[in-house]
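What follows is a single structure, written as structure tokens, with notes after it.
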Amino acid sequence: VPLWRNPSLLGAVALSFALHFAILYIPFFNAVFSVVPLGWIEWKAILLISAPIILVDEVLKLYSRTFVDPPVSLTAGNKTIGASEHEKKTQ
């Protein structure tokens, strides 16, 4: 499902990011949660560690969509339907 088709998920992710940044960078929340703001060195470590994981995940999704479960097109009368529409019709 494309991200733009699930605005609730996008809102939840945006809220989660905002709350994390608030806890890290607003001094009141630093004291409440006993945390210190991350410096550039920590952010570089986060990016360097997470980038390969995201890359591997995207490659695995591409492989799965291409070879494991490729989209199927079926002809129904004069209209060609994709696999997701076919699944809805057969349920």
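Identifiers in this document derive from the order of the structure tokens: chains are assigned A, B, ..., residues are numbered from 1 separately in each chain, and ligands are numbered from 1 in order of occurrence.
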Neighbouring residues of stretch 33-43 of chain A were defined as those with any atom within 9 Å, considering only C-alpha atoms; residues of the same chain fewer than 6 positions away were excluded. Please report them as a list of chain:residue names.
A:Phe21, A:Ile23, A:Leu24, A:Tyr25, A:Ile26, A:Pro27
Export of the given selection (all heavy atoms) as a short mmCIF file (atom, residue, chain, number, x, y, z; two decimals), in the first residue's frame:
```
data_model
loop_
_atom_site.label_atom_id
_atom_site.label_comp_id
_atom_site.auth_asym_id
_atom_site.auth_seq_id
_atom_site.Cartn_x
_atom_site.Cartn_y
_atom_site.Cartn_z
N PHE A 21 12.15 14.17 19.10
CA PHE A 21 12.98 15.37 19.05
C PHE A 21 12.67 16.30 20.23
O PHE A 21 13.58 16.92 20.78
CB PHE A 21 12.81 16.10 17.71
CG PHE A 21 13.59 15.47 16.61
CD1 PHE A 21 12.96 14.75 15.62
CD2 PHE A 21 14.98 15.58 16.57
CE1 PHE A 21 13.68 14.15 14.60
CE2 PHE A 21 15.71 14.99 15.56
CZ PHE A 21 15.06 14.28 14.57
N ILE A 23 11.69 15.40 23.24
CA ILE A 23 12.31 14.80 24.42
C ILE A 23 13.82 15.02 24.42
O ILE A 23 14.43 15.30 25.44
CB ILE A 23 11.96 13.31 24.53
CG1 ILE A 23 10.49 13.14 24.89
CG2 ILE A 23 12.84 12.60 25.55
CD1 ILE A 23 9.97 11.73 24.78
N LEU A 24 14.42 14.96 23.24
CA LEU A 24 15.87 15.12 23.16
C LEU A 24 16.33 16.57 23.26
O LEU A 24 17.40 16.84 23.81
CB LEU A 24 16.40 14.54 21.84
CG LEU A 24 16.53 13.02 21.78
CD1 LEU A 24 16.87 12.58 20.38
CD2 LEU A 24 17.58 12.55 22.76
N TYR A 25 15.56 17.52 22.75
CA TYR A 25 16.09 18.87 22.60
C TYR A 25 15.37 19.96 23.41
O TYR A 25 15.82 21.09 23.42
CB TYR A 25 16.12 19.25 21.12
CG TYR A 25 17.11 18.39 20.37
CD1 TYR A 25 16.70 17.38 19.53
CD2 TYR A 25 18.47 18.56 20.59
CE1 TYR A 25 17.61 16.57 18.88
CE2 TYR A 25 19.40 17.75 19.95
CZ TYR A 25 18.96 16.77 19.10
OH TYR A 25 19.87 15.96 18.47
N ILE A 26 14.29 19.66 24.10
CA ILE A 26 13.66 20.63 24.99
C ILE A 26 14.17 20.35 26.41
O ILE A 26 14.00 19.24 26.93
CB ILE A 26 12.12 20.55 24.91
CG1 ILE A 26 11.66 20.95 23.50
CG2 ILE A 26 11.48 21.44 25.97
CD1 ILE A 26 10.17 20.81 23.27
N PRO A 27 14.82 21.36 27.02
CA PRO A 27 15.48 21.12 28.32
C PRO A 27 14.56 20.55 29.40
O PRO A 27 15.00 19.70 30.18
CB PRO A 27 15.98 22.52 28.71
CG PRO A 27 16.17 23.22 27.40
CD PRO A 27 15.08 22.70 26.50
#
```
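Atom pair atom CA of A:Ile49 / atom CA of A:Phe29 has a distance of 26.3 Å (rounded to one decimal).
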As a check of understanding: the span from atom CA of A:Lys61 to atom CA of A:Pro2 is 13.6 Å
